[in-house]
Amino acid sequence: MVPSPANNTPIIMTTKERINLQFEELWRGLWGWIPGGPGTGTRRLLYSPLFGRAGKGLRTGIGVVVQGFRNIRIGNNVGLNRLSSLYAARGTITLGNNVFLGDFSSINANDATVTIGNNVAIGPMTLIQGANHAMDRLDIPIVQQGHIPATVTIEDDVWIAAHCTILPGVHIASGAVIGAGAVVTKDVPQNAVVGGIPAKILRFRE
Ligand SMILES: CC(C)(COP(=O)(O)OP(=O)(O)OC[C@H]1O[C@@H](n2cnc3c(N)ncnc32)[C@H](O)[C@@H]1OP(=O)(O)O)[C@@H](O)C(=O)NCCC(=O)NCCS
């Protein structure tokens, strides 16, 4: 059951949604392990039609996880490296042209809208998160309190380095660089280089 963000009552996943998730897992299990060029080519052919939209030149590495293909739109020349993941069983993810997601990185829509522009590089082990757990009530466990989704927007020409966390509701403007290991809690202005926990402006690109 998926908790509802609105009233904390669980949403029962429909049979159709459950079957869809099972099908997606089966499909990934069949094709997700094939290495090298044959794997990339096979997955391009067999994954692309499942997306809400898929441009040309999709490359997915071994073990890429996609949930909610139909809620994900991707542009041309998108690379999803080994063991990276896109979760949009609920919510939506949009990736522009020339977007690269590093090994083990994850974009988790979680009821929210996550939008990434063109020419965006995302390093390995980075997490982009579209929702927090609601946690205000003390009388029921946090896991039963639902999610609070918040739109994440990453504009064009952004480099997010290794091992970063982008929190729900954050807007990263074009030309920004997110330094390795940053936890981004607030909006990042255009051409800023930020780093640290919480991420602070280190300088501006000139
Ligand atoms: C953010 C980054 C691009 C900045 O590079 P830079 O502009 O050359 O910065 P500098 O090395 O000159 O450091 C400038 C200051 O920022 C600090 N800084 C640099 N990177 C930082 C980071 N990731 N987090 C926090 N502070 C950082 C430095 O300590 C230095 O501080 P000081 O002036 O007090 O000494 C780089 O440090 C970085 O994090 N690269 C990511 C590498 C990576 O993950 N690659 C693989 C992914 S694709």
# chains A, B, ... in the order shown; residues from 1 in each chain; ligands from 1
>>> residues_near_ligand(ligand="ligand 1", cutoff="12 Å", atoms="only C-alpha atoms and all ligand atoms", output="ChimeraX atom specification")
/A:81,100-103,105,120-126,158-164,176-184,191-206
>>> write_last_selection(atoms="N, CA and C atoms", output="compact mmCIF listing (two decimals), in the first residue's frame")
# COMPACT_ATOMS: atom_id res chain seq x y z
N ASN A 81 23.74 5.03 -16.57
CA ASN A 81 24.86 4.11 -16.32
C ASN A 81 24.44 2.92 -15.45
N PHE A 100 23.12 12.55 -18.45
CA PHE A 100 23.88 11.35 -18.09
C PHE A 100 23.75 11.10 -16.60
N LEU A 101 23.34 9.91 -16.27
CA LEU A 101 23.14 9.53 -14.87
C LEU A 101 24.21 8.50 -14.51
N GLY A 102 25.03 8.83 -13.50
CA GLY A 102 26.17 7.99 -13.16
C GLY A 102 25.79 6.70 -12.47
N ASP A 103 26.79 5.81 -12.35
CA ASP A 103 26.59 4.51 -11.71
C ASP A 103 25.97 4.69 -10.32
N SER A 105 23.41 6.00 -9.26
CA SER A 105 22.62 7.19 -8.95
C SER A 105 21.14 6.91 -9.12
N VAL A 120 22.89 17.85 -18.90
CA VAL A 120 23.07 17.73 -17.45
C VAL A 120 23.83 16.44 -17.16
N ALA A 121 24.94 16.58 -16.42
CA ALA A 121 25.73 15.40 -16.03
C ALA A 121 25.55 15.16 -14.54
N ILE A 122 25.21 13.95 -14.20
CA ILE A 122 24.99 13.59 -12.79
C ILE A 122 25.97 12.48 -12.46
N GLY A 123 26.85 12.74 -11.50
CA GLY A 123 27.90 11.79 -11.16
C GLY A 123 27.36 10.54 -10.46
N PRO A 124 28.29 9.63 -10.12
CA PRO A 124 27.86 8.38 -9.48
C PRO A 124 27.38 8.59 -8.04
N MET A 125 26.51 7.70 -7.63
CA MET A 125 26.03 7.61 -6.24
C MET A 125 25.31 8.87 -5.77
N THR A 126 24.65 9.53 -6.68
CA THR A 126 23.88 10.74 -6.33
C THR A 126 22.40 10.39 -6.23
N VAL A 158 23.96 21.78 -16.20
CA VAL A 158 24.30 21.65 -14.77
C VAL A 158 25.16 20.41 -14.60
N TRP A 159 26.17 20.50 -13.74
CA TRP A 159 26.99 19.34 -13.38
C TRP A 159 26.76 19.05 -11.90
N ILE A 160 26.22 17.88 -11.64
CA ILE A 160 26.06 17.42 -10.26
C ILE A 160 27.11 16.33 -10.07
N ALA A 161 28.07 16.56 -9.19
CA ALA A 161 29.21 15.64 -9.06
C ALA A 161 28.82 14.40 -8.26
N ALA A 162 29.84 13.68 -7.82
CA ALA A 162 29.60 12.37 -7.18
C ALA A 162 29.01 12.53 -5.79
N HIS A 163 28.16 11.57 -5.45
CA HIS A 163 27.70 11.38 -4.07
C HIS A 163 26.96 12.59 -3.51
N CYS A 164 26.13 13.22 -4.32
CA CYS A 164 25.34 14.36 -3.86
C CYS A 164 23.92 13.92 -3.51
N ALA A 176 24.96 25.79 -13.06
CA ALA A 176 25.43 25.54 -11.69
C ALA A 176 26.26 24.26 -11.63
N VAL A 177 27.15 24.22 -10.63
CA VAL A 177 27.94 23.01 -10.35
C VAL A 177 27.71 22.63 -8.90
N ILE A 178 27.39 21.38 -8.67
CA ILE A 178 27.17 20.87 -7.32
C ILE A 178 28.37 20.01 -6.97
N GLY A 179 29.19 20.45 -6.02
CA GLY A 179 30.43 19.75 -5.69
C GLY A 179 30.18 18.40 -5.05
N ALA A 180 31.20 17.56 -5.13
CA ALA A 180 31.08 16.19 -4.63
C ALA A 180 30.63 16.19 -3.17
N GLY A 181 29.71 15.32 -2.87
CA GLY A 181 29.28 15.11 -1.49
C GLY A 181 28.30 16.13 -0.95
N ALA A 182 27.84 17.06 -1.80
CA ALA A 182 26.94 18.12 -1.30
C ALA A 182 25.56 17.56 -0.96
N VAL A 183 24.94 18.16 0.05
CA VAL A 183 23.51 17.94 0.30
C VAL A 183 22.83 19.27 0.02
N VAL A 184 22.06 19.31 -1.06
CA VAL A 184 21.48 20.58 -1.53
C VAL A 184 20.09 20.73 -0.92
N ASN A 191 24.94 29.60 -12.45
CA ASN A 191 26.41 29.58 -12.51
C ASN A 191 27.11 29.48 -11.15
N ALA A 192 26.37 29.17 -10.11
CA ALA A 192 27.01 29.02 -8.79
C ALA A 192 27.71 27.67 -8.69
N VAL A 193 28.83 27.65 -7.96
CA VAL A 193 29.49 26.38 -7.60
C VAL A 193 29.23 26.21 -6.11
N VAL A 194 28.56 25.14 -5.74
CA VAL A 194 28.20 24.94 -4.34
C VAL A 194 28.80 23.64 -3.82
N GLY A 195 28.96 23.56 -2.51
CA GLY A 195 29.48 22.32 -1.92
C GLY A 195 29.20 22.29 -0.44
N GLY A 196 29.30 21.11 0.13
CA GLY A 196 29.17 20.95 1.57
C GLY A 196 27.79 20.51 2.01
N ILE A 197 27.65 20.34 3.34
CA ILE A 197 26.40 19.91 3.95
C ILE A 197 26.04 20.89 5.07
N PRO A 198 24.98 21.66 4.93
CA PRO A 198 24.21 21.87 3.70
C PRO A 198 25.04 22.64 2.68
N ALA A 199 24.68 22.48 1.42
CA ALA A 199 25.48 23.10 0.36
C ALA A 199 25.46 24.62 0.46
N LYS A 200 26.66 25.21 0.36
CA LYS A 200 26.81 26.67 0.37
C LYS A 200 27.53 27.08 -0.91
N ILE A 201 27.37 28.35 -1.27
CA ILE A 201 28.03 28.84 -2.49
C ILE A 201 29.53 28.97 -2.23
N LEU A 202 30.33 28.31 -3.07
CA LEU A 202 31.79 28.40 -2.97
C LEU A 202 32.29 29.55 -3.83
N ARG A 203 31.69 29.68 -5.00
CA ARG A 203 32.05 30.77 -5.92
C ARG A 203 31.06 30.76 -7.08
N PHE A 204 31.22 31.72 -7.99
CA PHE A 204 30.43 31.71 -9.22
C PHE A 204 31.35 31.47 -10.41
N ARG A 205 30.90 30.69 -11.36
CA ARG A 205 31.66 30.50 -12.60
C ARG A 205 31.69 31.81 -13.36
N GLU A 206 32.80 32.10 -14.00
CA GLU A 206 32.89 33.38 -14.72
C GLU A 206 32.86 33.15 -16.21
>>> residues_around(residues="Gly68 (chain A)", least_positions_apart="5", cutoff="12 Å", atoms="only C-alpha atoms", output="number ranges by chain")
A: 17-25, 47, 50-52, 73, 85-93, 108-111
>>> write_last_selection(atoms="N, CA and C atoms", output="compact mmCIF listing (two decimals), in the first residue's frame")
# COMPACT_ATOMS: atom_id res chain seq x y z
N GLU A 17 -1.91 -1.40 -11.66
CA GLU A 17 -0.60 -0.85 -11.28
C GLU A 17 0.35 -1.96 -10.81
N ARG A 18 -0.19 -2.88 -10.03
CA ARG A 18 0.65 -3.99 -9.55
C ARG A 18 1.16 -4.84 -10.71
N ILE A 19 0.26 -5.14 -11.63
CA ILE A 19 0.65 -5.97 -12.78
C ILE A 19 1.71 -5.24 -13.60
N ASN A 20 1.51 -3.94 -13.74
CA ASN A 20 2.46 -3.13 -14.51
C ASN A 20 3.85 -3.18 -13.88
N LEU A 21 3.93 -3.04 -12.55
CA LEU A 21 5.23 -3.09 -11.88
C LEU A 21 5.87 -4.47 -12.03
N GLN A 22 5.04 -5.51 -11.94
CA GLN A 22 5.56 -6.87 -12.09
C GLN A 22 6.11 -7.08 -13.51
N PHE A 23 5.35 -6.57 -14.49
CA PHE A 23 5.79 -6.70 -15.87
C PHE A 23 7.12 -5.98 -16.08
N GLU A 24 7.20 -4.77 -15.53
CA GLU A 24 8.44 -4.00 -15.69
C GLU A 24 9.63 -4.74 -15.09
N GLU A 25 9.41 -5.33 -13.92
CA GLU A 25 10.52 -6.05 -13.26
C GLU A 25 10.93 -7.27 -14.09
N TYR A 47 13.26 -1.20 -24.33
CA TYR A 47 12.83 -0.28 -23.27
C TYR A 47 12.18 0.98 -23.84
N LEU A 50 8.46 1.66 -23.99
CA LEU A 50 7.72 1.65 -22.73
C LEU A 50 7.65 3.02 -22.08
N PHE A 51 8.63 3.89 -22.40
CA PHE A 51 8.65 5.22 -21.78
C PHE A 51 7.49 6.07 -22.30
N GLY A 52 7.10 7.08 -21.48
CA GLY A 52 6.12 8.06 -21.93
C GLY A 52 6.59 8.72 -23.21
N ARG A 73 9.68 10.73 -19.27
CA ARG A 73 9.93 11.22 -20.62
C ARG A 73 11.40 11.57 -20.73
N SER A 85 19.01 4.27 -11.30
CA SER A 85 17.58 3.96 -11.24
C SER A 85 16.71 5.20 -11.39
N LEU A 86 15.56 4.99 -12.00
CA LEU A 86 14.53 6.03 -12.14
C LEU A 86 13.24 5.45 -11.55
N TYR A 87 12.72 6.06 -10.50
CA TYR A 87 11.49 5.59 -9.86
C TYR A 87 10.37 6.59 -10.09
N ALA A 88 9.37 6.20 -10.86
CA ALA A 88 8.24 7.09 -11.11
C ALA A 88 6.95 6.29 -11.21
N ALA A 89 6.82 5.26 -10.36
CA ALA A 89 5.55 4.53 -10.34
C ALA A 89 4.43 5.51 -10.01
N ARG A 90 4.76 6.49 -9.18
CA ARG A 90 3.89 7.65 -8.95
C ARG A 90 4.74 8.89 -9.14
N GLY A 91 4.15 9.95 -9.68
CA GLY A 91 4.92 11.14 -10.00
C GLY A 91 5.46 11.05 -11.41
N THR A 92 6.25 12.05 -11.79
CA THR A 92 6.80 12.05 -13.15
C THR A 92 8.26 12.48 -13.14
N ILE A 93 9.00 11.95 -14.10
CA ILE A 93 10.39 12.34 -14.31
C ILE A 93 10.54 12.75 -15.77
N ASN A 108 14.24 9.69 -7.73
CA ASN A 108 13.07 9.09 -7.11
C ASN A 108 11.94 10.12 -7.07
N ALA A 109 10.97 10.00 -7.95
CA ALA A 109 9.92 11.02 -8.04
C ALA A 109 9.00 10.99 -6.82
N ASN A 110 8.61 9.79 -6.40
CA ASN A 110 7.83 9.70 -5.14
C ASN A 110 6.64 10.64 -5.12
N ASP A 111 5.76 10.60 -6.08
CA ASP A 111 4.56 11.45 -6.17
C ASP A 111 4.85 12.84 -6.72
>>> select_by_dssp(residues="region 67-132 of chain A", states="strand (DSSP E or B)", output="compact mmCIF listing (two decimals) with N, CA and C atoms, in the first residue's frame")
# COMPACT_ATOMS: atom_id res chain seq x y z
N GLN A 67 11.16 2.14 -12.83
CA GLN A 67 9.79 1.83 -12.41
C GLN A 67 8.89 2.95 -12.88
N ILE A 72 7.72 8.54 -17.38
CA ILE A 72 9.07 9.09 -17.58
C ILE A 72 9.23 9.48 -19.04
N ARG A 73 9.68 10.73 -19.27
CA ARG A 73 9.93 11.22 -20.62
C ARG A 73 11.40 11.57 -20.73
N ILE A 74 12.04 11.04 -21.75
CA ILE A 74 13.47 11.32 -21.90
C ILE A 74 13.76 11.82 -23.31
N GLY A 79 22.02 8.84 -21.29
CA GLY A 79 22.78 7.68 -20.81
C GLY A 79 22.46 7.38 -19.35
N LEU A 80 22.01 6.19 -19.11
CA LEU A 80 21.74 5.75 -17.73
C LEU A 80 22.78 4.68 -17.41
N SER A 85 19.01 4.27 -11.30
CA SER A 85 17.58 3.96 -11.24
C SER A 85 16.71 5.20 -11.39
N LEU A 86 15.56 4.99 -12.00
CA LEU A 86 14.53 6.03 -12.14
C LEU A 86 13.24 5.45 -11.55
N TYR A 87 12.72 6.06 -10.50
CA TYR A 87 11.49 5.59 -9.86
C TYR A 87 10.37 6.59 -10.09
N THR A 92 6.25 12.05 -11.79
CA THR A 92 6.80 12.05 -13.15
C THR A 92 8.26 12.48 -13.14
N ILE A 93 9.00 11.95 -14.10
CA ILE A 93 10.39 12.34 -14.31
C ILE A 93 10.54 12.75 -15.77
N THR A 94 11.16 13.91 -16.00
CA THR A 94 11.47 14.33 -17.36
C THR A 94 12.96 14.61 -17.45
N LEU A 95 13.62 14.00 -18.42
CA LEU A 95 15.04 14.23 -18.68
C LEU A 95 15.16 14.83 -20.07
N VAL A 99 21.49 13.97 -21.22
CA VAL A 99 21.51 13.82 -19.76
C VAL A 99 22.19 12.50 -19.43
N PHE A 100 23.12 12.55 -18.45
CA PHE A 100 23.88 11.35 -18.09
C PHE A 100 23.75 11.10 -16.60
N LEU A 101 23.34 9.91 -16.27
CA LEU A 101 23.14 9.53 -14.87
C LEU A 101 24.21 8.50 -14.51
N SER A 106 20.33 7.69 -8.40
CA SER A 106 18.91 7.39 -8.37
C SER A 106 18.08 8.67 -8.41
N ILE A 107 17.07 8.68 -9.25
CA ILE A 107 16.09 9.76 -9.27
C ILE A 107 14.76 9.16 -8.83
N ASN A 108 14.24 9.69 -7.73
CA ASN A 108 13.07 9.09 -7.11
C ASN A 108 11.94 10.12 -7.07
N THR A 113 7.03 15.87 -9.22
CA THR A 113 7.51 16.10 -10.58
C THR A 113 8.99 16.44 -10.50
N VAL A 114 9.82 15.66 -11.17
CA VAL A 114 11.25 15.94 -11.24
C VAL A 114 11.58 16.25 -12.69
N THR A 115 12.10 17.46 -12.92
CA THR A 115 12.39 17.88 -14.30
C THR A 115 13.87 18.23 -14.41
N ILE A 116 14.52 17.63 -15.37
CA ILE A 116 15.94 17.89 -15.62
C ILE A 116 16.08 18.35 -17.06
N VAL A 120 22.89 17.85 -18.90
CA VAL A 120 23.07 17.73 -17.45
C VAL A 120 23.83 16.44 -17.16
N ALA A 121 24.94 16.58 -16.42
CA ALA A 121 25.73 15.40 -16.03
C ALA A 121 25.55 15.16 -14.54
N ILE A 122 25.21 13.95 -14.20
CA ILE A 122 24.99 13.59 -12.79
C ILE A 122 25.97 12.48 -12.46
N LEU A 127 21.71 11.08 -5.32
CA LEU A 127 20.28 10.85 -5.13
C LEU A 127 19.52 12.15 -5.36
N ILE A 128 18.52 12.09 -6.22
CA ILE A 128 17.62 13.23 -6.43
C ILE A 128 16.24 12.79 -5.96
N GLN A 129 15.73 13.47 -4.95
CA GLN A 129 14.58 12.96 -4.22
C GLN A 129 13.39 13.90 -4.33
N ALA A 131 10.37 13.69 -2.65
CA ALA A 131 9.42 13.81 -1.52
C ALA A 131 10.10 13.48 -0.20
N ASN A 132 9.60 14.10 0.84
CA ASN A 132 9.96 13.72 2.21
C ASN A 132 8.85 12.83 2.78
>>> residues_around(residues="His171 (chain A)", least_positions_apart="3", cutoff="12 Å", atoms="only C-alpha atoms", output="number ranges by chain")
A: 113-117, 128, 130, 150-156, 158, 166-168, 174, 176, 184-190
>>> atom_distance(atom1="CA of Arg44 (chain A)", atom2="CA of Gly57 (chain A)")
7.5 Å
>>> atom_distance(atom1="CA of Ile142 (chain A)", atom2="CA of Arg70 (chain A)")
29.1 Å
>>> closest_residue(among="A:Asp157, A:Ser84, A:Asn97, A:Trp31", to="Lys56 (chain A)", atoms="only C-alpha atoms")
A:Asn97
